[in-house]
file target07.pdb (PDB, C-alpha atoms, pLDDT in the B column)
MODEL        1
ATOM      1  CA  MET A  18      73.760  75.145  81.742  1.00 48.00           C
ATOM      2  CA  PRO A  19      74.548  71.489  82.418  1.00 50.00           C
ATOM      3  CA  PRO A  20      75.282  70.808  86.097  1.00 54.00           C
ATOM      4  CA  SER A  21      78.520  69.054  85.151  1.00 63.00           C
ATOM      5  CA  VAL A  22      80.248  72.315  84.148  1.00 77.00           C
ATOM      6  CA  SER A  23      83.116  73.006  86.539  1.00 87.00           C
ATOM      7  CA  PHE A  24      84.178  76.319  88.008  1.00 88.00           C
ATOM      8  CA  SER A  25      87.355  76.313  85.929  1.00 88.00           C
ATOM      9  CA  GLU A  26      85.357  75.748  82.726  1.00 90.00           C
ATOM     10  CA  LEU A  27      83.088  78.678  83.577  1.00 90.00           C
ATOM     11  CA  ILE A  28      86.093  80.894  84.257  1.00 90.00           C
ATOM     12  CA  GLU A  29      87.734  79.787  81.016  1.00 90.00           C
ATOM     13  CA  ARG A  30      84.624  80.748  79.021  1.00 89.00           C
ATOM     14  CA  CYS A  31      84.274  84.260  80.381  1.00 90.00           C
ATOM     15  CA  SER A  32      87.775  85.319  81.486  1.00 90.00           C
ATOM     16  CA  ASP A  33      88.376  87.637  78.513  1.00 92.00           C
ATOM     17  CA  LYS A  34      85.080  89.467  78.958  1.00 92.00           C
ATOM     18  CA  VAL A  35      85.574  89.736  82.716  1.00 93.00           C
ATOM     19  CA  TYR A  36      89.053  91.193  82.158  1.00 93.00           C
ATOM     20  CA  ASN A  37      87.713  93.685  79.590  1.00 92.00           C
ATOM     21  CA  PHE A  38      85.053  94.843  82.045  1.00 92.00           C
ATOM     22  CA  ALA A  39      87.654  95.164  84.808  1.00 93.00           C
ATOM     23  CA  TYR A  40      89.941  97.148  82.506  1.00 93.00           C
ATOM     24  CA  ARG A  41      87.150  99.548  81.583  1.00 90.00           C
ATOM     25  CA  LEU A  42      86.375 100.130  85.257  1.00 90.00           C
ATOM     26  CA  ALA A  43      89.958 100.379  86.520  1.00 89.00           C
ATOM     27  CA  GLY A  44      91.494 102.106  83.508  1.00 87.00           C
ATOM     28  CA  ASN A  45      94.812 100.233  83.633  1.00 89.00           C
ATOM     29  CA  GLU A  46      96.140  96.719  83.160  1.00 91.00           C
ATOM     30  CA  GLN A  47      97.585  96.036  86.618  1.00 91.00           C
ATOM     31  CA  ASP A  48      94.485  97.120  88.550  1.00 92.00           C
ATOM     32  CA  ALA A  49      92.289  95.199  86.106  1.00 92.00           C
ATOM     33  CA  ARG A  50      94.325  92.030  86.657  1.00 94.00           C
ATOM     34  CA  ASP A  51      94.083  92.490  90.427  1.00 94.00           C
ATOM     35  CA  LEU A  52      90.319  92.989  90.194  1.00 93.00           C
ATOM     36  CA  VAL A  53      89.873  89.868  88.068  1.00 94.00           C
ATOM     37  CA  GLN A  54      92.011  87.782  90.395  1.00 94.00           C
ATOM     38  CA  GLU A  55      90.075  88.939  93.452  1.00 94.00           C
ATOM     39  CA  ALA A  56      86.720  88.419  91.692  1.00 94.00           C
ATOM     40  CA  PHE A  57      87.629  84.871  90.665  1.00 94.00           C
ATOM     41  CA  SER A  58      88.861  84.137  94.175  1.00 94.00           C
ATOM     42  CA  LYS A  59      85.624  85.411  95.743  1.00 95.00           C
ATOM     43  CA  ALA A  60      83.553  83.527  93.170  1.00 93.00           C
ATOM     44  CA  LEU A  61      85.368  80.292  94.000  1.00 92.00           C
ATOM     45  CA  GLU A  62      84.922  80.932  97.721  1.00 93.00           C
ATOM     46  CA  HIS A  63      81.155  81.415  97.249  1.00 92.00           C
ATOM     47  CA  PHE A  64      80.609  79.044  94.322  1.00 91.00           C
ATOM     48  CA  ASP A  65      78.259  76.936  96.441  1.00 88.00           C
ATOM     49  CA  LYS A  66      75.883  79.960  96.527  1.00 89.00           C
ATOM     50  CA  TYR A  67      75.871  80.357  92.741  1.00 87.00           C
ATOM     51  CA  ASP A  68      72.530  79.392  91.150  1.00 86.00           C
ATOM     52  CA  LYS A  69      73.606  77.138  88.279  1.00 86.00           C
ATOM     53  CA  ALA A  70      70.268  77.710  86.556  1.00 88.00           C
ATOM     54  CA  ARG A  71      71.317  81.324  85.914  1.00 88.00           C
ATOM     55  CA  PRO A  72      74.088  82.630  83.633  1.00 89.00           C
ATOM     56  CA  PHE A  73      77.537  82.729  85.224  1.00 91.00           C
ATOM     57  CA  GLU A  74      78.824  85.885  83.526  1.00 91.00           C
ATOM     58  CA  PRO A  75      76.449  88.379  85.179  1.00 91.00           C
ATOM     59  CA  TRP A  76      77.165  86.772  88.551  1.00 93.00           C
ATOM     60  CA  ILE A  77      80.965  87.064  88.235  1.00 94.00           C
ATOM     61  CA  ASN A  78      80.712  90.595  86.801  1.00 93.00           C
ATOM     62  CA  ARG A  79      78.544  91.658  89.702  1.00 92.00           C
ATOM     63  CA  ILE A  80      81.158  90.329  92.118  1.00 94.00           C
ATOM     64  CA  LEU A  81      83.840  92.234  90.196  1.00 94.00           C
ATOM     65  CA  LYS A  82      81.827  95.457  90.205  1.00 92.00           C
ATOM     66  CA  ASN A  83      81.242  95.192  93.967  1.00 92.00           C
ATOM     67  CA  ILE A  84      84.951  94.607  94.631  1.00 93.00           C
ATOM     68  CA  TYR A  85      85.764  97.659  92.505  1.00 91.00           C
ATOM     69  CA  LEU A  86      83.263  99.856  94.357  1.00 89.00           C
ATOM     70  CA  ASP A  87      84.500  98.615  97.748  1.00 88.00           C
ATOM     71  CA  GLY A  88      88.050  99.487  96.711  1.00 87.00           C
ATOM     72  CA  ILE A  89      87.015 102.997  95.698  1.00 83.00           C
ATOM     73  CA  ARG A  90      85.283 103.513  99.038  1.00 82.00           C
ATOM     74  CA  ARG A  91      88.276 102.216 101.026  1.00 81.00           C
ATOM     75  CA  TYR A  92      90.700 104.378  99.052  1.00 74.00           C
ATOM     76  CA  ALA A  93      88.582 107.506  99.427  1.00 71.00           C
ATOM     77  CA  HIS A  94      88.220 106.889 103.168  1.00 66.00           C
ATOM     78  CA  LYS A  95      91.974 106.430 103.690  1.00 69.00           C
ATOM     79  CA  HIS A  96      93.059 109.288 101.444  1.00 64.00           C
ATOM     80  CA  THR A  97      90.727 112.087 102.440  1.00 66.00           C
ATOM     81  CA  ILE A  98      92.594 115.215 103.484  1.00 65.00           C
ATOM     82  CA  SER A  99      91.060 118.463 104.602  1.00 64.00           C
ATOM     83  CA  LEU A 100      92.358 121.387 102.596  1.00 62.00           C
ATOM     84  CA  ASP A 101      91.127 123.665 105.384  1.00 64.00           C
ATOM     85  CA  GLY A 102      93.842 122.265 107.645  1.00 67.00           C
ATOM     86  CA  PRO A 103      97.517 123.138 107.583  1.00 68.00           C
ATOM     87  CA  SER A 104      99.721 122.009 104.712  1.00 62.00           C
ATOM     88  CA  PRO A 105     102.115 119.139 105.509  1.00 64.00           C
ATOM     89  CA  ILE A 106     105.001 121.465 104.621  1.00 70.00           C
ATOM     90  CA  GLU A 107     104.943 124.570 106.802  1.00 70.00           C
ATOM     91  CA  SER A 108     106.061 127.218 104.330  1.00 68.00           C
ATOM     92  CA  VAL A 109     104.190 125.836 101.285  1.00 68.00           C
ATOM     93  CA  ALA A 110     100.477 126.461 100.625  1.00 68.00           C
ATOM     94  CA  TRP A 111      98.170 123.620  99.557  1.00 61.00           C
ATOM     95  CA  GLU A 112      97.689 125.076  96.070  1.00 62.00           C
ATOM     96  CA  ASN A 113     101.451 124.821  95.507  1.00 63.00           C
ATOM     97  CA  LEU A 114     101.509 121.155  96.584  1.00 62.00           C
ATOM     98  CA  ILE A 115      98.613 119.936  94.453  1.00 63.00           C
ATOM     99  CA  PRO A 116      99.686 119.515  90.834  1.00 61.00           C
ATOM    100  CA  GLY A 117      97.742 121.329  88.146  1.00 61.00           C
ATOM    101  CA  SER A 118      95.847 119.446  85.472  1.00 64.00           C
ATOM    102  CA  ASP A 119      97.394 121.310  82.532  1.00 62.00           C
ATOM    103  CA  GLN A 120      98.719 119.014  79.825  1.00 54.00           C
ATOM    104  CA  THR A 121     101.994 119.323  77.995  1.00 55.00           C
ATOM    105  CA  PRO A 122     101.967 119.463  74.198  1.00 57.00           C
ATOM    106  CA  ALA A 123     103.512 115.965  74.117  1.00 55.00           C
ATOM    107  CA  GLU A 124     100.649 114.609  76.221  1.00 55.00           C
ATOM    108  CA  VAL A 125      98.114 116.220  73.909  1.00 49.00           C
ATOM    109  CA  LEU A 126      99.753 114.511  70.910  1.00 54.00           C
ATOM    110  CA  ASP A 127      99.763 111.161  72.720  1.00 59.00           C
ATOM    111  CA  GLU A 128      96.039 111.473  73.298  1.00 47.00           C
ATOM    112  CA  ASN A 129      95.334 111.293  69.577  1.00 52.00           C
ATOM    113  CA  ASP A 130      95.163 107.541  69.979  1.00 67.00           C
ATOM    114  CA  THR A 131      91.423 106.938  69.899  1.00 70.00           C
ATOM    115  CA  ASN A 132      91.438 104.049  72.332  1.00 75.00           C
ATOM    116  CA  GLU A 133      93.233 106.072  74.972  1.00 78.00           C
ATOM    117  CA  MET A 134      90.895 109.017  74.453  1.00 80.00           C
ATOM    118  CA  VAL A 135      87.843 106.805  74.863  1.00 83.00           C
ATOM    119  CA  GLN A 136      89.233 105.247  78.047  1.00 87.00           C
ATOM    120  CA  ARG A 137      90.091 108.625  79.519  1.00 87.00           C
ATOM    121  CA  ALA A 138      86.628 109.941  78.729  1.00 89.00           C
ATOM    122  CA  LEU A 139      85.139 106.816  80.274  1.00 91.00           C
ATOM    123  CA  ASN A 140      87.232 107.329  83.419  1.00 91.00           C
ATOM    124  CA  MET A 141      85.757 110.813  83.781  1.00 92.00           C
ATOM    125  CA  LEU A 142      82.238 109.454  84.206  1.00 93.00           C
ATOM    126  CA  PRO A 143      80.648 108.594  87.533  1.00 94.00           C
ATOM    127  CA  VAL A 144      81.014 104.866  88.151  1.00 93.00           C
ATOM    128  CA  GLU A 145      77.340 103.960  87.582  1.00 94.00           C
ATOM    129  CA  TYR A 146      77.421 105.444  84.063  1.00 95.00           C
ATOM    130  CA  ARG A 147      80.873 103.995  83.317  1.00 94.00           C
ATOM    131  CA  THR A 148      79.639 100.555  84.341  1.00 93.00           C
ATOM    132  CA  ALA A 149      76.480 100.739  82.238  1.00 94.00           C
ATOM    133  CA  ILE A 150      78.307 101.984  79.133  1.00 93.00           C
ATOM    134  CA  SER A 151      81.109  99.434  79.487  1.00 91.00           C
ATOM    135  CA  LEU A 152      78.706  96.546  79.820  1.00 92.00           C
ATOM    136  CA  CYS A 153      76.462  97.729  76.963  1.00 93.00           C
ATOM    137  CA  ASP A 154      78.765  99.291  74.390  1.00 90.00           C
ATOM    138  CA  VAL A 155      82.023  97.437  75.039  1.00 87.00           C
ATOM    139  CA  GLU A 156      80.907  94.035  76.302  1.00 88.00           C
ATOM    140  CA  LYS A 157      77.665  94.051  74.252  1.00 90.00           C
ATOM    141  CA  PHE A 158      75.495  92.727  77.099  1.00 92.00           C
ATOM    142  CA  SER A 159      71.725  92.988  76.827  1.00 93.00           C
ATOM    143  CA  TYR A 160      69.889  95.395  79.095  1.00 94.00           C
ATOM    144  CA  GLU A 161      68.533  92.406  81.010  1.00 93.00           C
ATOM    145  CA  ARG A 162      72.027  91.078  81.695  1.00 92.00           C
ATOM    146  CA  ILE A 163      73.259  94.512  82.717  1.00 93.00           C
ATOM    147  CA  ALA A 164      70.329  94.842  85.124  1.00 94.00           C
ATOM    148  CA  GLN A 165      71.353  91.504  86.681  1.00 92.00           C
ATOM    149  CA  ILE A 166      74.986  92.569  87.019  1.00 91.00           C
ATOM    150  CA  VAL A 167      74.386  96.003  88.526  1.00 92.00           C
ATOM    151  CA  GLY A 168      71.329  94.971  90.503  1.00 93.00           C
ATOM    152  CA  CYS A 169      68.820  97.553  89.328  1.00 94.00           C
ATOM    153  CA  PRO A 170      65.698  97.648  87.103  1.00 96.00           C
ATOM    154  CA  ILE A 171      66.026  97.650  83.306  1.00 95.00           C
ATOM    155  CA  GLY A 172      64.537 101.153  83.158  1.00 95.00           C
ATOM    156  CA  THR A 173      67.375 102.423  85.340  1.00 95.00           C
ATOM    157  CA  VAL A 174      69.885 100.651  83.095  1.00 95.00           C
ATOM    158  CA  ARG A 175      68.399 102.316  80.002  1.00 95.00           C
ATOM    159  CA  SER A 176      68.505 105.697  81.714  1.00 96.00           C
ATOM    160  CA  ARG A 177      72.121 105.250  82.819  1.00 95.00           C
ATOM    161  CA  ILE A 178      73.189 104.180  79.336  1.00 95.00           C
ATOM    162  CA  HIS A 179      71.431 107.155  77.719  1.00 95.00           C
ATOM    163  CA  GLN A 180      72.728 109.670  80.272  1.00 96.00           C
ATOM    164  CA  GLY A 181      76.169 108.018  80.277  1.00 95.00           C
ATOM    165  CA  ARG A 182      76.470 108.373  76.502  1.00 94.00           C
ATOM    166  CA  LEU A 183      75.647 112.068  76.749  1.00 95.00           C
ATOM    167  CA  LEU A 184      78.225 112.512  79.513  1.00 95.00           C
ATOM    168  CA  MET A 185      80.713 110.454  77.525  1.00 92.00           C
ATOM    169  CA  ARG A 186      80.288 112.783  74.558  1.00 92.00           C
ATOM    170  CA  LYS A 187      80.905 115.800  76.823  1.00 92.00           C
ATOM    171  CA  ALA A 188      83.945 114.140  78.363  1.00 90.00           C
ATOM    172  CA  PHE A 189      85.368 113.243  74.963  1.00 87.00           C
ATOM    173  CA  GLU A 190      84.874 116.813  73.735  1.00 88.00           C
ATOM    174  CA  GLN A 191      86.564 118.175  76.862  1.00 87.00           C
ATOM    175  CA  LEU A 192      89.569 115.978  76.176  1.00 84.00           C
ATOM    176  CA  GLN A 193      89.544 116.721  72.465  1.00 80.00           C
ATOM    177  CA  TYR A 194      89.358 120.494  72.880  1.00 82.00           C
ATOM    178  CA  GLY A 195      91.639 120.832  75.886  1.00 74.00           C
ATOM    179  CA  GLY A 196      89.117 120.779  78.732  1.00 56.00           C
ATOM    180  CA  LYS A 197      90.740 120.532  82.152  1.00 53.00           C
ATOM    181  CA  LYS A 198      88.022 118.876  84.237  1.00 55.00           C
ATOM    182  CA  ASP A 199      88.693 115.504  85.845  1.00 55.00           C
ATOM    183  CA  HIS A 200      85.030 114.496  86.064  1.00 57.00           C
ATOM    184  CA  VAL A 201      81.960 115.192  84.016  1.00 60.00           C
ATOM    185  CA  ARG A 202      78.776 116.174  85.774  1.00 60.00           C
ATOM    186  CA  ASN A 203      75.270 115.710  84.448  1.00 59.00           C
TER     187      ASN A 203
ENDMDL
END

call {"tool": "encode", "arguments": {"input": "target07.pdb", "output": "structure tokens"}}
result
Amino acid sequence: MPPSVSFSELIERCSDKVYNFAYRLAGNEQDARDLVQEAFSKALEHFDKYDKARPFEPWINRILKNIYLDGIRRYAHKHTISLDGPSPIESVAWENLIPGSDQTPAEVLDENDTNEMVQRALNMLPVEYRTAISLCDVEKFSYERIAQIVGCPIGTVRSRIHQGRLLMRKAFEQLQYGGKKDHVRN
């Protein structure tokens, strides 16, 4: 890449792909926009550390992925509640406070939209598989680029993509045939 390329030009070139990756991780437009904004802000803040001899896209996507994972950790830490403890409402048991995962017939009909079904199945996967599949099958990155973004060997990337596709198929079938699980396990 020529050294004369500015930060704004780099952002302009990859903003759509970065947003698509953020959307696949977050699962909704608002969170994806927030992720992209924070990733671009962090990238600008640390642009002096960016090696201009290397591709920009893997670098910005790695920043985005790390922000996403940090957000998940912070949320889980703040929102952990022990179900062994007392319910916040004295006369109501925990199982009556936590909503069930049963779907209404209207929701089942709405899920016929293939794009929504794919996203929901993707959301059911553990984050390392969701990331690998999104970068490979949605963003069409090479295994080498994915390895750069997620910071692991190519063999691990290949394994995650293979295992993620199997889990994705299970997740899709669960959604298609009325499965009630929120996450798919390998």

call {"tool": "resolve_selection", "arguments": {"input": "target07.pdb", "expression": "the PyMOL selection byres ((chain A and resi 19-35) around 9)", "output": "PyMOL selection string"}}
result
chain A and resi 18+36-40+53+57+60-61+64+69-70+73-74+77-78+81+156

call {"tool": "write_last_selection", "arguments": {"input": "target07.pdb", "atoms": "C-alpha atoms", "output": "compact mmCIF listing (two decimals), keeping the file's coordinate frame"}}
result
# COMPACT_ATOMS: atom_id res chain seq x y z
CA MET A 18 73.76 75.14 81.74
CA TYR A 36 89.05 91.19 82.16
CA ASN A 37 87.71 93.68 79.59
CA PHE A 38 85.05 94.84 82.04
CA ALA A 39 87.65 95.16 84.81
CA TYR A 40 89.94 97.15 82.51
CA VAL A 53 89.87 89.87 88.07
CA PHE A 57 87.63 84.87 90.66
CA ALA A 60 83.55 83.53 93.17
CA LEU A 61 85.37 80.29 94.00
CA PHE A 64 80.61 79.04 94.32
CA LYS A 69 73.61 77.14 88.28
CA ALA A 70 70.27 77.71 86.56
CA PHE A 73 77.54 82.73 85.22
CA GLU A 74 78.82 85.88 83.53
CA ILE A 77 80.96 87.06 88.24
CA ASN A 78 80.71 90.60 86.80
CA LEU A 81 83.84 92.23 90.20
CA GLU A 156 80.91 94.04 76.30

call {"tool": "atom_distance", "arguments": {"input": "target07.pdb", "atom1": "atom CA of A:Val167", "atom2": "atom CA of A:Leu152"}}
result
9.7 Å

call {"tool": "resolve_selection", "arguments": {"input": "target07.pdb", "expression": "the PyMOL selection byres ((chain A and resi 185) around 9)", "output": "PyMOL selection string"}}
result
chain A and resi 135+138-139+141-142+146-147+150+180-184+186-190+201

call {"tool": "atom_distance", "arguments": {"input": "target07.pdb", "atom1": "atom CA of A:Arg91", "atom2": "atom CA of A:Arg41"}}
result
19.7 Å

call {"tool": "residues_around", "arguments": {"input": "target07.pdb", "residues": "A:Val174", "least_positions_apart": "3", "cutoff": "8 Å", "atoms": "only C-alpha atoms", "output": "list in words"}}
result
Ala149, Tyr160, Ile163, Ala164, Cys169, Pro170, Ile171, Arg177 and Ile178 of chain A

call {"tool": "closest_residue", "arguments": {"input": "target07.pdb", "among": "A:Glu107, A:Glu133, A:Ser159, A:Leu42", "to": "A:Ile89", "atoms": "all atoms listed in the file"}}
result
A:Leu42

call {"tool": "atom_distance", "arguments": {"input": "target07.pdb", "atom1": "atom CA of A:Gly44", "atom2": "atom CA of A:Tyr92"}}
result
15.7 Å
